[in-house]
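One file, structure.csv, is given below (CSV, C-alpha atoms).
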chain,number,residue,atom,x,y,z
N,1,MET,CA,0.0,0.0,0.0
N,2,VAL,CA,2.8,2.4,1.0
N,3,PRO,CA,4.8,1.9,-2.3
N,4,LEU,CA,1.6,2.5,-4.3
N,5,LEU,CA,0.9,5.8,-2.5
N,6,LEU,CA,4.5,6.8,-3.0
N,7,PHE,CA,4.3,6.0,-6.7
N,8,GLU,CA,1.1,8.0,-6.9
N,9,TYR,CA,2.7,11.0,-5.2
N,10,MET,CA,5.9,10.8,-7.3
N,11,TYR,CA,3.9,10.6,-10.5
N,12,CYS,CA,1.8,13.7,-9.6
N,13,VAL,CA,4.9,15.6,-8.7
N,14,TYR,CA,6.5,14.6,-12.0
N,15,MET,CA,3.4,15.6,-13.9
N,16,TYR,CA,3.3,19.0,-12.2
N,17,CYS,CA,7.0,19.7,-13.0
N,18,VAL,CA,6.4,18.7,-16.6
N,19,LEU,CA,3.2,20.8,-16.8
N,20,SER,CA,5.0,23.8,-15.4
N,21,SER,CA,8.0,23.5,-17.7
N,22,VAL,CA,5.9,22.8,-20.8
N,23,LEU,CA,3.7,25.9,-20.2
N,24,LEU,CA,6.8,28.1,-20.6
N,25,CYS,CA,7.4,26.7,-24.1
N,26,SER,CA,4.0,25.7,-25.5
N,27,PRO,CA,0.5,26.0,-24.0
N,28,ASP,CA,-0.7,23.4,-26.5
N,29,ARG,CA,1.7,20.8,-25.0
N,30,GLY,CA,0.4,21.9,-21.6
N,31,THR,CA,-3.0,20.8,-22.6
N,32,VAL,CA,-1.7,17.4,-23.5
N,33,VAL,CA,-0.1,17.0,-20.1
N,34,LEU,CA,-3.3,18.3,-18.4
N,35,SER,CA,-5.3,15.6,-20.2
N,36,SER,CA,-2.9,12.9,-19.0
N,37,LEU,CA,-3.1,14.1,-15.4
N,38,LEU,CA,-6.9,14.2,-15.6
N,39,GLU,CA,-7.0,10.6,-17.0
N,40,PHE,CA,-4.8,9.5,-14.1
N,41,TYR,CA,-7.2,11.2,-11.7
N,42,LEU,CA,-10.2,9.5,-13.2
N,43,ASP,CA,-8.5,6.1,-13.0
N,44,SER,CA,-7.1,6.5,-9.5
N,45,SER,CA,-9.2,9.2,-7.7
N,46,SER,CA,-5.8,10.4,-6.5
N,47,SER,CA,-6.0,13.2,-3.9
N,48,GLU,CA,-2.6,14.5,-5.1
N,49,ALA,CA,-3.9,14.6,-8.7
N,50,ALA,CA,-7.0,16.4,-7.5
N,51,LEU,CA,-4.9,18.9,-5.7
N,52,LEU,CA,-2.8,19.6,-8.7
N,53,LEU,CA,-5.8,19.9,-11.1
N,54,SER,CA,-7.6,22.2,-8.7
N,55,SER,CA,-4.5,24.5,-8.7
N,56,ILE,CA,-4.5,25.0,-12.4
N,57,ARG,CA,-3.9,28.6,-13.5
N,58,GLU,CA,-4.6,30.5,-16.7
N,59,PRO,CA,-4.4,29.7,-19.6
N,60,LEU,CA,-5.1,26.1,-18.8
N,61,ASP,CA,-8.4,26.9,-17.1
N,62,LYS,CA,-10.3,26.7,-20.4
N,63,PRO,CA,-9.1,23.2,-21.4
N,64,LEU,CA,-9.7,22.0,-17.9
N,65,LEU,CA,-13.3,23.2,-17.9
N,66,GLU,CA,-13.8,21.7,-21.4
N,67,LYS,CA,-12.5,18.3,-20.3
N,68,LEU,CA,-14.5,18.4,-17.1
N,69,ASN,CA,-17.6,19.1,-19.2
N,70,ASP,CA,-16.7,16.1,-21.4
N,71,CYS,CA,-16.4,13.9,-18.4
N,72,LEU,CA,-19.6,15.2,-16.8
N,73,VAL,CA,-21.6,14.2,-19.9
N,74,LYS,CA,-20.5,10.6,-19.6
N,75,SER,CA,-22.2,8.8,-16.8
N,76,VAL,CA,-19.2,6.6,-16.1
N,77,ASN,CA,-17.1,9.6,-15.2
N,78,ARG,CA,-19.8,11.8,-13.8
N,79,LEU,CA,-19.2,11.4,-10.0
N,80,ALA,CA,-15.4,11.7,-10.4
N,81,SER,CA,-15.8,14.9,-12.5
N,82,LEU,CA,-18.2,16.4,-10.0
N,83,THR,CA,-15.8,15.5,-7.1
N,84,LEU,CA,-13.0,17.3,-9.0
N,85,LEU,CA,-15.2,20.2,-9.7
N,86,GLY,CA,-15.9,20.4,-6.0
N,87,HIS,CA,-12.2,20.6,-5.3
N,88,VAL,CA,-11.8,23.4,-7.9
N,89,VAL,CA,-14.7,25.4,-6.5
N,90,ARG,CA,-13.4,25.1,-2.9
N,91,ARG,CA,-10.1,26.6,-3.9
N,92,GLN,CA,-11.8,29.6,-5.6
N,93,PRO,CA,-9.2,30.2,-8.3
N,94,PRO,CA,-9.3,33.7,-9.9
N,95,TRP,CA,-10.8,32.3,-13.1
N,96,ILE,CA,-13.8,30.5,-11.3
N,97,HIS,CA,-16.2,33.1,-12.7
N,98,LYS,CA,-15.6,31.7,-16.2
N,99,ILE,CA,-17.7,28.7,-15.3
N,100,SER,CA,-20.8,30.8,-15.7
N,101,ARG,CA,-20.0,31.3,-19.4
N,102,SER,CA,-18.8,27.8,-20.1
N,103,PRO,CA,-20.8,24.7,-21.2
N,104,LEU,CA,-19.9,23.1,-17.9
N,105,LEU,CA,-22.6,25.0,-15.9
N,106,PRO,CA,-25.5,23.9,-18.3
N,107,SER,CA,-24.1,20.4,-18.1
N,108,LEU,CA,-24.1,20.4,-14.3
N,109,LEU,CA,-27.7,21.7,-14.3
N,110,ARG,CA,-28.8,19.0,-16.8
N,111,CYS,CA,-27.2,16.4,-14.6
N,112,LEU,CA,-29.1,17.6,-11.6
N,113,LYS,CA,-32.4,17.7,-13.6
N,114,GLY,CA,-32.0,14.2,-15.1
N,115,ASP,CA,-29.7,11.9,-13.1
N,116,SER,CA,-31.2,9.3,-10.8
N,117,ASP,CA,-28.0,8.4,-8.9
N,118,VAL,CA,-28.4,9.8,-5.4
N,119,VAL,CA,-24.7,10.1,-4.8
N,120,VAL,CA,-24.3,12.1,-8.0
N,121,LEU,CA,-27.3,14.3,-7.1
N,122,VAL,CA,-26.0,15.1,-3.6
N,123,THR,CA,-22.5,15.8,-4.8
N,124,GLY,CA,-23.7,17.9,-7.7
N,125,VAL,CA,-26.2,20.0,-5.7
N,126,LEU,CA,-23.5,20.8,-3.0
N,127,VAL,CA,-21.1,21.9,-5.8
N,128,LEU,CA,-23.9,24.2,-7.1
N,129,VAL,CA,-24.6,25.6,-3.6
N,130,ALA,CA,-20.9,26.4,-3.2
N,131,LEU,CA,-20.6,27.8,-6.7
N,132,LEU,CA,-23.6,30.2,-6.7
N,133,PRO,CA,-22.0,32.9,-4.6
N,134,MET,CA,-19.0,32.9,-7.0
N,135,ILE,CA,-21.2,33.4,-10.1
N,136,PRO,CA,-24.2,35.4,-8.9
N,137,GLN,CA,-24.5,37.0,-12.4
N,138,ALA,CA,-25.5,33.6,-13.8
N,139,GLY,CA,-28.9,34.0,-12.2
N,140,LYS,CA,-30.0,36.2,-15.1
N,141,ARG,CA,-29.7,33.4,-17.6
N,142,HIS,CA,-30.1,30.3,-15.4
N,143,ILE,CA,-32.5,31.3,-12.7
N,144,TYR,CA,-35.3,29.0,-13.8
N,145,ASP,CA,-32.8,26.1,-14.2
N,146,PHE,CA,-31.8,26.6,-10.5
N,147,PHE,CA,-35.5,26.6,-9.5
N,148,ASP,CA,-36.2,23.4,-11.5
N,149,VAL,CA,-33.3,21.7,-9.8
N,150,PHE,CA,-34.7,22.6,-6.4
N,151,GLY,CA,-38.2,21.5,-7.4
N,152,ARG,CA,-37.0,18.2,-8.8
N,153,LEU,CA,-34.8,17.3,-5.9
N,154,ALA,CA,-37.4,18.4,-3.3
N,155,SER,CA,-39.9,16.0,-4.9
N,156,TRP,CA,-37.2,13.3,-5.3
N,157,SER,CA,-36.3,13.4,-1.6
N,158,HIS,CA,-40.0,13.1,-0.7
N,159,LYS,CA,-41.2,10.5,-3.2
N,160,ASN,CA,-37.9,8.5,-3.5
N,161,PRO,CA,-38.6,7.2,-7.0
N,162,SER,CA,-35.5,5.1,-7.1
N,163,ALA,CA,-36.3,3.5,-3.7
N,164,VAL,CA,-32.8,4.2,-2.3
N,165,HIS,CA,-32.0,3.5,1.4
N,166,GLU,CA,-33.5,6.1,3.7
N,167,ALA,CA,-30.0,6.9,5.0
N,168,TYR,CA,-29.1,8.4,1.6
N,169,LEU,CA,-32.2,10.5,1.6
N,170,VAL,CA,-31.0,12.2,4.8
N,171,HIS,CA,-28.0,13.5,2.8
N,172,LEU,CA,-30.2,14.5,-0.2
N,173,HIS,CA,-32.6,16.3,2.1
N,174,ALA,CA,-29.7,18.2,3.7
N,175,SER,CA,-28.3,19.3,0.3
N,176,VAL,CA,-31.8,20.4,-0.8
N,177,TYR,CA,-32.1,22.4,2.4
N,178,SER,CA,-28.8,24.0,1.7
N,179,LEU,CA,-29.9,24.9,-1.9
N,180,PHE,CA,-33.1,26.3,-0.5
N,181,HIS,CA,-31.2,28.7,1.7
N,182,ARG,CA,-28.9,29.8,-1.1
N,183,LEU,CA,-31.7,30.5,-3.5
N,184,TYR,CA,-33.9,32.3,-0.9
N,185,GLY,CA,-30.9,34.3,0.2
N,186,MET,CA,-29.8,35.4,-3.2
N,187,PHE,CA,-33.0,35.6,-5.3
N,188,PRO,CA,-35.9,35.9,-2.8
N,189,CYS,CA,-38.4,37.7,-5.0
N,190,ASN,CA,-38.0,35.3,-7.9
N,191,PHE,CA,-37.8,32.2,-5.7
N,192,ILE,CA,-40.9,33.0,-3.7
N,193,SER,CA,-42.8,33.7,-7.0
N,194,TYR,CA,-41.6,30.3,-8.2
N,195,LEU,CA,-42.7,28.5,-5.0
N,196,ARG,CA,-46.1,30.2,-5.2
N,197,LEU,CA,-46.7,29.1,-8.8
N,198,HIS,CA,-45.1,25.6,-8.5
N,199,TYR,CA,-46.7,24.5,-5.2
N,200,SER,CA,-50.1,26.0,-5.9
N,201,MET,CA,-50.7,23.0,-8.2
N,202,LYS,CA,-52.6,20.1,-6.6
N,203,GLU,CA,-50.0,17.4,-7.5
N,204,ASN,CA,-47.2,19.3,-5.7
N,205,LEU,CA,-49.1,20.1,-2.4
N,206,ASP,CA,-47.8,17.0,-0.6
N,207,VAL,CA,-44.2,17.9,-1.4
N,208,PHE,CA,-44.8,21.4,-0.2
N,209,HIS,CA,-46.3,20.4,3.2
N,210,ASN,CA,-43.6,17.8,3.9
N,211,ILE,CA,-40.5,19.3,2.4
N,212,VAL,CA,-40.8,23.0,1.5
N,213,LYS,CA,-43.0,24.4,4.3
N,214,PRO,CA,-40.6,23.2,7.1
N,215,MET,CA,-37.8,25.0,5.3
N,216,LEU,CA,-39.9,28.2,5.0
N,217,GLU,CA,-40.5,28.1,8.8
N,218,HIS,CA,-36.7,28.4,9.3
N,219,VAL,CA,-36.1,31.6,7.5
N,220,ARG,CA,-37.0,35.3,8.2
N,221,VAL,CA,-38.9,37.5,5.9
N,222,HIS,CA,-36.2,38.7,3.4
N,223,PRO,CA,-35.9,42.5,3.2
N,224,GLU,CA,-35.8,42.3,-0.6
N,225,LEU,CA,-39.3,40.9,-0.6
N,226,VAL,CA,-40.4,44.4,0.6
N,227,THR,CA,-37.9,46.7,-1.2
N,228,GLY,CA,-36.8,44.6,-4.2
N,229,ALA,CA,-38.3,43.4,-7.4
N,230,GLN,CA,-37.9,40.3,-9.6
N,231,ASP,CA,-36.1,42.2,-12.4
N,232,SER,CA,-33.7,44.2,-10.2
N,233,GLU,CA,-32.5,41.2,-8.3
N,234,LEU,CA,-31.4,39.5,-11.5
N,235,ASP,CA,-29.4,42.6,-12.6
N,236,PRO,CA,-25.7,41.6,-12.8
N,237,SER,CA,-24.7,45.1,-11.5
N,238,ARG,CA,-26.4,44.2,-8.2
N,239,TRP,CA,-23.5,42.1,-7.2
N,240,LYS,CA,-20.6,44.5,-8.1
N,241,CYS,CA,-20.0,45.5,-4.4
N,242,TYR,CA,-20.2,41.9,-3.1
N,243,GLU,CA,-17.4,39.5,-2.5
N,244,VAL,CA,-18.2,35.8,-2.2
N,245,HIS,CA,-18.2,35.8,1.6
N,246,ASP,CA,-20.5,38.8,1.6
N,247,ILE,CA,-23.1,36.8,-0.3
N,248,VAL,CA,-22.7,33.8,2.0
N,249,ILE,CA,-23.2,36.0,5.0
N,250,GLU,CA,-26.3,37.7,3.5
N,251,CYS,CA,-27.8,34.3,3.0
N,252,ALA,CA,-27.1,33.4,6.6
N,253,LYS,CA,-28.7,36.6,7.9
N,254,VAL,CA,-32.2,35.4,6.9
N,255,SER,CA,-31.8,32.0,8.5
N,256,LEU,CA,-33.4,31.1,11.8
N,257,ASP,CA,-31.0,28.2,12.2
N,258,PRO,CA,-29.0,28.9,15.4
N,259,ARG,CA,-25.9,27.4,13.8
N,260,GLU,CA,-26.0,30.1,11.1
N,261,GLU,CA,-27.5,33.1,12.8
N,262,GLY,CA,-25.0,35.8,13.4
N,263,CYS,CA,-22.0,33.5,12.9
N,264,PRO,CA,-19.0,35.5,11.8
N,265,GLN,CA,-17.1,32.4,10.8
N,266,LEU,CA,-19.3,32.1,7.8
N,267,ALA,CA,-17.1,34.5,5.9
N,268,ASP,CA,-14.6,31.7,5.6
N,269,LYS,CA,-17.0,29.0,4.8
N,270,TRP,CA,-18.6,27.7,1.6
N,271,SER,CA,-22.2,27.6,2.5
N,272,CYS,CA,-24.7,28.1,5.3
N,273,LEU,CA,-25.5,24.5,5.9
N,274,ARG,CA,-23.3,22.5,8.4
N,275,PRO,CA,-24.5,19.0,8.9
N,276,ASP,CA,-21.2,18.2,10.7
N,277,HIS,CA,-20.6,14.7,9.5
N,278,LEU,CA,-24.1,13.3,9.4
N,279,SER,CA,-23.6,9.6,10.3
N,280,LEU,CA,-25.5,7.0,8.4
N,281,PRO,CA,-26.2,3.4,9.5
N,282,PRO,CA,-24.6,0.6,7.7
N,283,THR,CA,-26.3,-0.4,4.5
N,284,PRO,CA,-26.3,-4.0,3.3
N,285,LEU,CA,-24.3,-4.4,0.1
N,286,THR,CA,-25.6,-7.0,-2.3
N,287,PRO,CA,-25.1,-7.7,-6.1
N,288,GLN,CA,-28.5,-6.0,-6.5
N,289,ASN,CA,-27.2,-2.8,-4.9
N,290,PRO,CA,-24.5,-1.5,-7.3
N,291,LEU,CA,-24.8,2.0,-5.8
N,292,ALA,CA,-23.8,0.8,-2.4
N,293,GLN,CA,-21.0,-1.4,-3.9
N,294,ARG,CA,-19.6,1.6,-5.8
N,295,LEU,CA,-19.7,3.7,-2.6
N,296,SER,CA,-17.8,1.2,-0.6
N,297,GLY,CA,-15.5,-0.4,-3.2
N,298,SER,CA,-15.9,-3.7,-1.4
N,299,SER,CA,-18.5,-6.3,-0.5
N,300,THR,CA,-18.9,-5.4,3.1
N,301,SER,CA,-21.2,-3.0,4.9
N,302,THR,CA,-19.7,0.5,5.6
N,303,PRO,CA,-20.9,3.6,7.4
N,304,MET,CA,-20.9,6.7,5.3
N,305,SER,CA,-20.7,10.4,6.1
N,306,LEU,CA,-21.3,13.6,4.2
N,307,SER,CA,-18.4,16.0,4.9
N,308,LEU,CA,-19.1,19.7,4.3
N,309,MET,CA,-17.0,22.7,4.6
N,310,ASP,CA,-14.6,21.7,7.3
N,311,GLY,CA,-11.7,21.5,4.9
N,312,ASN,CA,-13.2,18.6,3.0
N,313,SER,CA,-14.5,18.5,-0.6
N,314,PRO,CA,-18.3,18.5,-1.0
N,315,ILE,CA,-18.6,14.9,-1.7
N,316,ILE,CA,-19.9,11.8,0.0
N,317,GLN,CA,-17.0,10.2,1.7
N,318,VAL,CA,-16.8,6.6,2.9
N,319,ARG,CA,-15.3,5.7,6.2
N,320,LYS,CA,-13.9,2.2,6.2
Rewrite the structure from the file as structure tokens, please.
Amino acid sequence: MVPLLLFEYMYCVYMYCVLSSVLLCSPDRGTVVLSSLLEFYLDSSSSEAALLLSSIREPLDKPLLEKLNDCLVKSVNRLASLTLLGHVVRRQPPWIHKISRSPLLPSLLRCLKGDSDVVVLVTGVLVLVALLPMIPQAGKRHIYDFFDVFGRLASWSHKNPSAVHEAYLVHLHASVYSLFHRLYGMFPCNFISYLRLHYSMKENLDVFHNIVKPMLEHVRVHPELVTGAQDSELDPSRWKCYEVHDIVIECAKVSLDPREEGCPQLADKWSCLRPDHLSLPPTPLTPQNPLAQRLSGSSTSTPMSLSLMDGNSPIIQVRK
């Protein structure tokens, strides 16, 4: 095991040195090295490779986003690409705002609106929650996509169409709760208008009473609901005076959750929600349960936890 980890570390160091030296001579060759490093990460899930890829600087940001988008489209690489994207978002590189103009954001939203893998859904929605304060101007173009994601996952967590273990639904519900706070904190006028229209339909009332209403009971009346308007809150110029941490704090101000209310440490955190290692009971792994097998990587039962914000990537992690 130790020689394998040493090899992995030495390979990543070598690739980083090659990447740095090649960039001085030819950006095109740098793209080739980047592709090799990304393939190594997809095959090995190497934490060292993830660290190097999340540290990419311009001009390699564009090919990285393009390759992440290619991986996200393929179901076999979807979870790995979302995990890597989570690492990138957490580091907040100077070029992170370019995601709002790249095909990667629409691909992420399509994934959240169409995928049925609960692990992919939880990982993807947490990436979106962390990303929104970094690309607030994307609301003008994608606001209804954000709302559709919330509506779909709120219904999914209540109806459980894939019949996944209840333990996984705990994580999904926590991520939907986090998305609710982010959307309500950033786009209250449009979000409340969406909730009013969507949940006034008879077929959605059950989801509203069981999922959405309890969330509404844990937020204050947003000041923008009195002084703002739907059009003005989507104006990109609204965010010119805001840093990422400012938006996160503004979202926390309207929360009645005592873990968030008036918490100055939020300036250094990704999102308002802190489930603090939600522990899940062991889930039996059988040949009929490929999701659980993929999570554990073995044929034994394992507890699982969702690690958020405390220096960890926004992914479901397995404790063996």
Residue among N:Met186, N:Leu195, N:Leu53, N:Leu172 lying closest to Gly151 (chain N), counting only C-alpha atoms: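 Of all the options, N:Leu195 lies closest to Gly151 (chain N).
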Interatomic distance (Å, one decimal) between CA of His245 (chain N) and CA of Glu66 (chain N): 27.3 Å
Separation of CA of Asp70 (chain N) from CA of Val129 (chain N), in Å and rounded to one decimal: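 Going from CA of Asp70 (chain N) over to CA of Val129 (chain N), I get 21.7 Å.
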Protein/DNA/RNA residues near (-25.1, 44.1, -9.3), cut 12 Å, all atoms listed in the file, as a compact mmCIF listing (two decimals) with C-alpha atoms, in the frame of the given file:
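In the end it all went to part.txt:
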# COMPACT_ATOMS: atom_id res chain seq x y z
CA ILE N 135 -21.20 33.40 -10.10
CA PRO N 136 -24.20 35.40 -8.90
CA GLN N 137 -24.50 37.00 -12.40
CA ALA N 138 -25.50 33.60 -13.80
CA GLY N 139 -28.90 34.00 -12.20
CA LYS N 140 -30.00 36.20 -15.10
CA MET N 186 -29.80 35.40 -3.20
CA ASP N 231 -36.10 42.20 -12.40
CA SER N 232 -33.70 44.20 -10.20
CA GLU N 233 -32.50 41.20 -8.30
CA LEU N 234 -31.40 39.50 -11.50
CA ASP N 235 -29.40 42.60 -12.60
CA PRO N 236 -25.70 41.60 -12.80
CA SER N 237 -24.70 45.10 -11.50
CA ARG N 238 -26.40 44.20 -8.20
CA TRP N 239 -23.50 42.10 -7.20
CA LYS N 240 -20.60 44.50 -8.10
CA CYS N 241 -20.00 45.50 -4.40
CA TYR N 242 -20.20 41.90 -3.10
CA GLU N 243 -17.40 39.50 -2.50
CA ILE N 247 -23.10 36.80 -0.30
From N:Ile211, N:Glu166, N:Pro161, N:Val244, residue lying nearest Arg90 (chain N) [all atoms listed in the file]: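 The answer is N:Val244, which sits nearest to Arg90 (chain N).
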Point-to-point distance from CA of Ser45 (chain N) to CA of His173 (chain N), Å rounded to tenths: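 Atom-to-atom, CA of Ser45 (chain N) to CA of His173 (chain N), that is 26.3 Å.
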Give me the residues of region 122-184 of chain N that have any atom at most 12 Å from an atom of region 100-114 of chain N; for each, the nearest atom pair and the distance in Å, rounded to one decimal. Use all atoms listed in the file, sort by chain and number, and format it as a tab-separated table.
residue	atom	partner	partner_atom	distance
N:Val122	CA	N:Leu112	CA	8.9
N:Thr123	CA	N:Leu112	CA	9.6
N:Gly124	CA	N:Leu112	CA	6.7
N:Val125	CA	N:Leu112	CA	7.0
N:Leu126	CA	N:Leu112	CA	10.7
N:Val127	CA	N:Leu108	CA	9.1
N:Leu128	CA	N:Leu108	CA	8.1
N:Val129	CA	N:Leu109	CA	11.8
N:Leu131	CA	N:Ser100	CA	9.5
N:Leu132	CA	N:Ser100	CA	9.4
N:Pro133	CA	N:Ser100	CA	11.4
N:Met134	CA	N:Ser100	CA	9.1
N:Ile135	CA	N:Ser100	CA	6.2
N:Pro136	CA	N:Ser100	CA	8.9
N:Gln137	CA	N:Ser100	CA	7.9
N:Ala138	CA	N:Ser100	CA	5.8
N:Gly139	CA	N:Ser100	CA	9.4
N:Lys140	CA	N:Ser100	CA	10.7
N:Arg141	CA	N:Ser100	CA	9.5
N:His142	CA	N:Pro106	CA	8.4
N:Ile143	CA	N:Leu109	CA	10.9
N:Tyr144	CA	N:Leu109	CA	10.5
N:Asp145	CA	N:Leu109	CA	6.7
N:Phe146	CA	N:Leu109	CA	7.4
N:Phe147	CA	N:Lys113	CA	10.3
N:Asp148	CA	N:Lys113	CA	7.2
N:Val149	CA	N:Lys113	CA	5.6
N:Phe150	CA	N:Lys113	CA	9.0
N:Gly151	CA	N:Lys113	CA	9.3
N:Arg152	CA	N:Lys113	CA	6.7
N:Leu153	CA	N:Leu112	CA	8.1
N:Ala154	CA	N:Lys113	CA	11.5
N:Ser155	CA	N:Lys113	CA	11.6
N:Trp156	CA	N:Lys113	CA	10.5
N:Leu172	CA	N:Leu112	CA	11.9
N:Val176	CA	N:Leu112	CA	11.5
Shell around region 213-219 of chain N at 7 Å using all atoms listed in the file, local window under 5 positions removed, as a list in words: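 Here the answer would be Tyr177, Phe208, Val254, Ser255, Leu256 and Asp257 of chain N.
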Of the listed residues N:Leu51, N:Val33, N:Leu42, N:Leu68, that which approaches Ala80 (chain N) most closely, counting all atoms listed in the file: N:Leu42
Test item: residues at most 9 Å from Lys67 (chain N), all atoms listed in the file, excluding those fewer than 4 positions along its chain, as a ChimeraX atom specification: /N:35,38,62-63,71-72
Given all atoms listed in the file as the counted atoms, nearest of N:Arg78, N:Asn204, N:Leu34, N:Gln92 to His158 (chain N): N:Asn204
Selection near Ser75 (chain N), 10 Å with all atoms listed in the file, sequence-local residues under 6 positions removed, as a PyMOL selection string: chain N and resi 81+111+115+117+120
